[in-house]
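Enquirer: Just run_27.cif, nothing more (mmCIF, C-alpha atoms):
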data_query
#
loop_
_atom_site.group_PDB
_atom_site.id
_atom_site.type_symbol
_atom_site.label_atom_id
_atom_site.label_comp_id
_atom_site.auth_asym_id
_atom_site.auth_seq_id
_atom_site.Cartn_x
_atom_site.Cartn_y
_atom_site.Cartn_z
ATOM 1 C CA MET A 1069 18.136 20.483 -12.676
ATOM 2 C CA GLU A 1070 15.836 18.336 -14.816
ATOM 3 C CA ASP A 1071 14.545 14.848 -14.128
ATOM 4 C CA SER A 1072 13.117 12.251 -16.510
ATOM 5 C CA VAL A 1073 9.597 13.621 -16.028
ATOM 6 C CA ASP A 1074 10.663 17.019 -17.334
ATOM 7 C CA GLN A 1075 11.629 15.301 -20.584
ATOM 8 C CA HIS A 1076 8.290 13.459 -20.667
ATOM 9 C CA VAL A 1077 6.338 16.687 -20.106
ATOM 10 C CA ALA A 1078 8.394 18.530 -22.735
ATOM 11 C CA ARG A 1079 7.590 15.833 -25.314
ATOM 12 C CA TRP A 1080 3.868 16.079 -24.544
ATOM 13 C CA ALA A 1081 3.968 19.873 -24.471
ATOM 14 C CA GLY A 1082 5.464 19.818 -27.971
ATOM 15 C CA PHE A 1083 2.816 17.386 -29.162
ATOM 16 C CA TRP A 1084 -0.060 19.313 -27.543
ATOM 17 C CA LYS A 1085 1.360 22.827 -28.093
ATOM 18 C CA ASN A 1086 -1.907 24.168 -29.513
ATOM 19 C CA GLU A 1087 -4.151 22.333 -27.071
ATOM 20 C CA PRO A 1088 -5.280 24.467 -24.107
ATOM 21 C CA ALA A 1089 -6.561 21.378 -22.244
ATOM 22 C CA PHE A 1090 -2.992 20.118 -21.775
ATOM 23 C CA ALA A 1091 -1.622 21.325 -18.427
ATOM 24 C CA PRO A 1092 2.134 20.655 -18.169
ATOM 25 C CA GLU A 1093 2.221 21.221 -14.410
ATOM 26 C CA VAL A 1094 -0.612 18.748 -13.819
ATOM 27 C CA GLU A 1095 1.073 16.192 -16.085
ATOM 28 C CA GLY A 1096 4.351 16.699 -14.233
ATOM 29 C CA VAL A 1097 2.853 16.291 -10.759
ATOM 30 C CA LEU A 1098 0.815 13.198 -11.606
ATOM 31 C CA THR A 1099 3.647 11.519 -13.492
ATOM 32 C CA ARG A 1100 6.091 12.189 -10.655
ATOM 33 C CA MET A 1101 3.624 10.759 -8.132
ATOM 34 C CA LYS A 1102 3.320 7.611 -10.274
ATOM 35 C CA TYR A 1103 7.100 7.292 -10.634
ATOM 36 C CA ILE A 1104 7.611 7.695 -6.885
ATOM 37 C CA GLN A 1105 4.952 5.071 -6.131
ATOM 38 C CA ARG A 1106 6.488 2.700 -8.687
ATOM 39 C CA TRP A 1107 9.909 3.152 -7.038
ATOM 40 C CA ILE A 1108 8.397 2.408 -3.620
ATOM 41 C CA ASP A 1109 6.531 -0.650 -4.943
ATOM 42 C CA ARG A 1110 9.721 -2.063 -6.454
ATOM 43 C CA ALA A 1111 11.733 -1.373 -3.310
ATOM 44 C CA ASP A 1112 8.991 -3.002 -1.212
ATOM 45 C CA LEU A 1113 9.116 -6.120 -3.401
ATOM 46 C CA ALA A 1114 12.858 -6.376 -2.820
ATOM 47 C CA ILE A 1115 12.453 -6.696 0.959
ATOM 48 C CA PHE A 1116 10.344 -9.853 0.813
ATOM 49 C CA ASN A 1117 12.132 -13.171 1.021
ATOM 50 C CA ASP A 1118 11.872 -16.694 2.462
ATOM 51 C CA GLY A 1119 8.674 -17.343 0.502
ATOM 52 C CA PHE A 1120 6.841 -14.508 2.286
ATOM 53 C CA THR A 1121 5.174 -12.362 -0.382
ATOM 54 C CA VAL A 1122 3.761 -8.859 -0.672
ATOM 55 C CA GLN A 1123 0.292 -10.434 -0.744
ATOM 56 C CA ASP A 1124 1.069 -12.324 2.479
ATOM 57 C CA TYR A 1125 2.174 -9.087 4.110
ATOM 58 C CA LYS A 1126 -0.854 -7.129 2.882
ATOM 59 C CA THR A 1127 -3.171 -9.832 4.201
ATOM 60 C CA LEU A 1128 -1.457 -9.836 7.598
ATOM 61 C CA HIS A 1129 -1.538 -6.044 7.553
ATOM 62 C CA VAL A 1130 -5.301 -5.778 7.046
ATOM 63 C CA LEU A 1131 -5.711 -8.281 9.883
ATOM 64 C CA MET A 1132 -3.294 -6.494 12.214
ATOM 65 C CA VAL A 1133 -4.945 -3.100 11.779
ATOM 66 C CA GLN A 1134 -8.368 -4.418 12.813
ATOM 67 C CA PRO A 1135 -9.732 -3.037 16.070
ATOM 68 C CA TRP A 1136 -8.761 -4.988 19.176
ATOM 69 C CA PRO A 1137 -8.815 -7.963 19.649
ATOM 70 C CA THR A 1138 -7.238 -8.114 16.165
ATOM 71 C CA GLU A 1139 -9.586 -10.546 14.532
ATOM 72 C CA ALA A 1140 -11.785 -10.556 11.473
ATOM 73 C CA THR A 1141 -13.779 -12.791 9.188
ATOM 74 C CA PRO A 1142 -12.394 -13.747 5.785
ATOM 75 C CA ALA A 1143 -15.096 -11.562 4.180
ATOM 76 C CA GLN A 1144 -14.028 -8.539 6.251
ATOM 77 C CA LEU A 1145 -10.403 -9.122 5.278
ATOM 78 C CA ALA A 1146 -11.295 -9.492 1.585
ATOM 79 C CA GLU A 1147 -13.175 -6.186 1.735
ATOM 80 C CA ALA A 1148 -10.307 -4.436 3.537
ATOM 81 C CA ALA A 1149 -7.701 -5.833 1.114
ATOM 82 C CA ASN A 1150 -9.889 -5.086 -1.925
ATOM 83 C CA VAL A 1151 -9.695 -8.675 -3.200
ATOM 84 C CA THR A 1152 -12.320 -11.315 -3.889
ATOM 85 C CA ARG A 1153 -13.341 -13.744 -1.166
ATOM 86 C CA ALA A 1154 -11.825 -16.571 -3.196
ATOM 87 C CA ALA A 1155 -8.500 -14.737 -3.420
ATOM 88 C CA MET A 1156 -8.615 -14.089 0.324
ATOM 89 C CA THR A 1157 -9.248 -17.765 0.998
ATOM 90 C CA SER A 1158 -6.105 -18.649 -0.985
ATOM 91 C CA ARG A 1159 -4.097 -16.034 0.907
ATOM 92 C CA LEU A 1160 -5.390 -17.289 4.257
ATOM 93 C CA ASP A 1161 -4.552 -20.884 3.298
ATOM 94 C CA ARG A 1162 -0.911 -19.846 2.751
ATOM 95 C CA LEU A 1163 -0.743 -17.910 6.018
ATOM 96 C CA ASP A 1164 -2.393 -20.754 7.941
ATOM 97 C CA GLU A 1165 0.050 -23.314 6.511
ATOM 98 C CA ALA A 1166 2.938 -21.033 7.503
ATOM 99 C CA GLY A 1167 1.610 -20.781 11.072
ATOM 100 C CA LEU A 1168 1.004 -17.024 10.791
ATOM 101 C CA ILE A 1169 -2.751 -17.087 11.461
ATOM 102 C CA THR A 1170 -5.414 -19.268 13.005
ATOM 103 C CA ARG A 1171 -8.926 -19.823 11.724
ATOM 104 C CA GLN A 1172 -11.603 -20.867 14.181
ATOM 105 C CA MET A 1173 -15.349 -21.243 13.996
ATOM 106 C CA ASP A 1174 -17.213 -18.527 15.860
ATOM 107 C CA GLY A 1175 -18.746 -19.997 19.025
ATOM 108 C CA ALA A 1176 -21.902 -17.938 18.561
ATOM 109 C CA ASP A 1177 -22.358 -18.718 14.846
ATOM 110 C CA ARG A 1178 -20.736 -21.885 13.493
ATOM 111 C CA ARG A 1179 -21.098 -20.595 9.899
ATOM 112 C CA ARG A 1180 -18.683 -17.785 10.727
ATOM 113 C CA VAL A 1181 -14.893 -18.188 10.747
ATOM 114 C CA ILE A 1182 -12.708 -15.892 12.830
ATOM 115 C CA VAL A 1183 -9.145 -15.214 11.681
ATOM 116 C CA ARG A 1184 -6.507 -14.190 14.210
ATOM 117 C CA PRO A 1185 -2.760 -13.662 13.909
ATOM 118 C CA THR A 1186 -0.446 -16.005 15.766
ATOM 119 C CA GLN A 1187 2.553 -14.710 17.687
ATOM 120 C CA LYS A 1188 4.700 -15.721 14.707
ATOM 121 C CA GLY A 1189 2.338 -13.757 12.422
ATOM 122 C CA ARG A 1190 2.555 -10.675 14.642
ATOM 123 C CA GLU A 1191 6.359 -10.883 14.615
ATOM 124 C CA MET A 1192 6.465 -11.321 10.823
ATOM 125 C CA TRP A 1193 4.154 -8.328 10.293
ATOM 126 C CA SER A 1194 6.172 -6.199 12.723
ATOM 127 C CA ASN A 1195 9.431 -7.090 10.977
ATOM 128 C CA TYR A 1196 8.140 -6.170 7.544
ATOM 129 C CA ILE A 1197 6.228 -3.045 8.506
ATOM 130 C CA PHE A 1198 9.446 -1.481 9.800
ATOM 131 C CA LYS A 1199 11.291 -2.507 6.632
ATOM 132 C CA GLY A 1200 8.511 -0.854 4.631
ATOM 133 C CA MET A 1201 8.752 2.300 6.718
ATOM 134 C CA ALA A 1202 12.468 2.439 5.939
ATOM 135 C CA VAL A 1203 11.706 2.184 2.204
ATOM 136 C CA ASP A 1204 9.140 5.006 2.459
ATOM 137 C CA GLN A 1205 11.569 7.217 4.346
ATOM 138 C CA ARG A 1206 14.320 6.504 1.821
ATOM 139 C CA ALA A 1207 11.941 7.484 -1.004
ATOM 140 C CA LEU A 1208 11.347 10.893 0.565
ATOM 141 C CA ALA A 1209 14.776 11.475 2.082
ATOM 142 C CA ALA A 1210 15.496 14.349 -0.334
ATOM 143 C CA LEU A 1211 12.911 16.488 1.481
ATOM 144 C CA THR A 1212 13.395 18.307 4.754
ATOM 145 C CA HIS A 1213 10.858 17.945 7.561
ATOM 146 C CA GLU A 1214 9.412 21.320 6.621
ATOM 147 C CA GLU A 1215 9.117 20.310 2.965
ATOM 148 C CA LEU A 1216 7.376 17.065 3.943
ATOM 149 C CA THR A 1217 4.940 19.056 6.064
ATOM 150 C CA GLN A 1218 4.271 21.403 3.138
ATOM 151 C CA LEU A 1219 3.842 18.490 0.707
ATOM 152 C CA ASN A 1220 1.431 16.785 3.112
ATOM 153 C CA GLY A 1221 -0.636 19.964 3.306
ATOM 154 C CA LEU A 1222 -0.813 20.315 -0.468
ATOM 155 C CA LEU A 1223 -1.735 16.674 -1.017
ATOM 156 C CA ARG A 1224 -4.338 16.856 1.766
ATOM 157 C CA LYS A 1225 -5.900 19.852 0.013
ATOM 158 C CA VAL A 1226 -6.161 17.893 -3.248
ATOM 159 C CA LEU A 1227 -7.582 14.822 -1.516
ATOM 160 C CA LEU A 1228 -10.166 16.802 0.413
ATOM 161 C CA ALA A 1229 -11.345 18.367 -2.851
ATOM 162 C CA LEU A 1230 -11.624 14.920 -4.449
ATOM 163 C CA GLU A 1231 -13.528 13.530 -1.460
ATOM 164 C CA GLU A 1232 -16.253 16.216 -1.656
#
Go ahead and express the file in the form of structure tokens.
Expert:
Amino acid sequence: MEDSVDQHVARWAGFWKNEPAFAPEVEGVLTRMKYIQRWIDRADLAIFNDGFTVQDYKTLHVLMVQPWPTEATPAQLAEAANVTRAAMTSRLDRLDEAGLITRQMDGADRRRVIVRPTQKGREMWSNYIFKGMAVDQRALAALTHEELTQLNGLLRKVLLALEE
């Protein structure tokens, strides 16, 4: 059975038929990985409502995964979220206005601001992380547990080689 990527690879294989650098299997794997991630991204977007955005969730997420006691500075959050400090400030403003975080001056250094989730923020993050897990599981539902284990091993092998 063929999928849309098979058609894509066949078109490129025809175009690059005399080019030894073109590797159809590599093209197929990478394109499928992109398509799967795009499907997940779109499905993730569909779960957000009530004015709560993907950016809000990602900001809460980088805060919630901090080591106990689940607090961080805006600069640490910007680094973890891979956004500028200015962008993080805007995100934190939204979360603060929504009552999902608090920002307090550090008692030891008044120049430093500490961000912490509120109970409402923890509940919001918890609600959406489980919705996201359901999306991820739906994306990979065609695979058995054994196939997922095998796929994890293969992807780990690739990542370890890239991290060398």
Enquirer: Kindly resolve the PyMOL selection byres ((chain A and resi 1203) around 12) on the present coordinates and return the residues as an MDAnalysis selection string.
Expert: chainID A and resid 1104:1105 1107:1115 1196:1202 1204:1209
Enquirer: In Å, with one decimal, what is the gap from atom CA of Pro1142 of chain A to atom CA of Glu1231 of chain A?
Expert: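 Between these atoms lies a distance of 28.2 Å.
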Enquirer: For the structure provided, state which residues fall under the PyMOL selection byres ((chain A and resi 1123) around 12), and present them as number ranges by chain.
Expert: A: 1112-1113, 1116, 1119-1122, 1124-1130, 1146, 1149-1151, 1155-1156, 1158-1160, 1162-1163, 1193
Enquirer: Env of Arg1184 of chain A: 12 Å cut, atoms = only C-alpha atoms, seq-sep filter 3 positions within chain, self excluded. Answer as an MDAnalysis selection string.
Expert: chainID A and resid 1127:1142 1145 1160 1163:1164 1167:1174 1181 1187:1190
Enquirer: Running the PyMOL selection byres ((chain A and resi 1071-1081) around 12) on this model by hand, what would come out? Give it as an MDAnalysis selection string.
Expert: chainID A and resid 1069:1070 1082:1104
Enquirer: Rounded to one decimal place, report the atom CA of Ala1166 of chain A-atom CA of Glu1147 of chain A distance in Å.
Expert: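 Going from atom CA of Ala1166 of chain A over to atom CA of Glu1147 of chain A, I get 22.7 Å.
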Enquirer: Hey, can you check how far atom CA of Thr1212 of chain A sits from atom CA of Lys1225 of chain A?
Expert: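 About the pair atom CA of Thr1212 of chain A and atom CA of Lys1225 of chain A: they are 19.9 Å apart.
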Enquirer: Can you report as lines of an AutoDock Vina configuration file the centre and edge lengths in Å, to one decimal, of an axis-aligned box around the listed atoms of segment 1151-1160 of chain A padded with 4 Å on each side?
Expert:
center_x = -8.7
center_y = -13.7
center_z = 0.2
size_x = 17.2
size_y = 18.0
size_z = 16.1
Enquirer: Which is closest to Asn1117 of chain A among A:Leu1228, A:Ala1176, A:Met1192, A:Ile1182, if we use all atoms listed in the file?
Expert: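 The shortest atom-to-atom distance to Asn1117 of chain A comes from A:Met1192.
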Enquirer: Got a minute to add N, CA, C and O atoms to segment 1075-1086 of chain A and dump it as a CSV table (one decimal), in the frame of the given file?
Expert:
chain,number,residue,atom,x,y,z
A,1075,GLN,N,11.5,15.7,-19.2
A,1075,GLN,CA,11.6,15.3,-20.6
A,1075,GLN,C,10.3,14.8,-21.1
A,1075,GLN,O,9.9,15.1,-22.2
A,1076,HIS,N,9.6,14.0,-20.3
A,1076,HIS,CA,8.3,13.5,-20.7
A,1076,HIS,C,7.3,14.6,-20.9
A,1076,HIS,O,6.6,14.6,-21.9
A,1077,VAL,N,7.3,15.6,-20.0
A,1077,VAL,CA,6.3,16.7,-20.1
A,1077,VAL,C,6.7,17.5,-21.3
A,1077,VAL,O,5.8,18.0,-22.0
A,1078,ALA,N,8.0,17.7,-21.6
A,1078,ALA,CA,8.4,18.5,-22.7
A,1078,ALA,C,7.9,17.9,-24.0
A,1078,ALA,O,7.5,18.6,-25.0
A,1079,ARG,N,8.1,16.5,-24.1
A,1079,ARG,CA,7.6,15.8,-25.3
A,1079,ARG,C,6.1,16.1,-25.5
A,1079,ARG,O,5.7,16.4,-26.6
A,1080,TRP,N,5.3,15.9,-24.4
A,1080,TRP,CA,3.9,16.1,-24.5
A,1080,TRP,C,3.5,17.5,-24.8
A,1080,TRP,O,2.6,17.8,-25.6
A,1081,ALA,N,4.2,18.4,-24.2
A,1081,ALA,CA,4.0,19.9,-24.5
A,1081,ALA,C,4.2,20.2,-25.9
A,1081,ALA,O,3.4,21.0,-26.5
A,1082,GLY,N,5.2,19.6,-26.5
A,1082,GLY,CA,5.5,19.8,-28.0
A,1082,GLY,C,4.4,19.2,-28.8
A,1082,GLY,O,3.9,19.8,-29.8
A,1083,PHE,N,3.9,18.1,-28.4
A,1083,PHE,CA,2.8,17.4,-29.2
A,1083,PHE,C,1.5,18.1,-29.0
A,1083,PHE,O,0.7,18.3,-30.0
A,1084,TRP,N,1.2,18.6,-27.8
A,1084,TRP,CA,-0.1,19.3,-27.5
A,1084,TRP,C,0.1,20.8,-27.5
A,1084,TRP,O,-0.7,21.5,-26.8
A,1085,LYS,N,1.1,21.4,-28.2
A,1085,LYS,CA,1.4,22.8,-28.1
A,1085,LYS,C,0.2,23.7,-28.4
A,1085,LYS,O,0.1,24.8,-27.9
A,1086,ASN,N,-0.7,23.3,-29.2
A,1086,ASN,CA,-1.9,24.2,-29.5
A,1086,ASN,C,-3.2,23.7,-28.8
A,1086,ASN,O,-4.3,24.1,-29.2
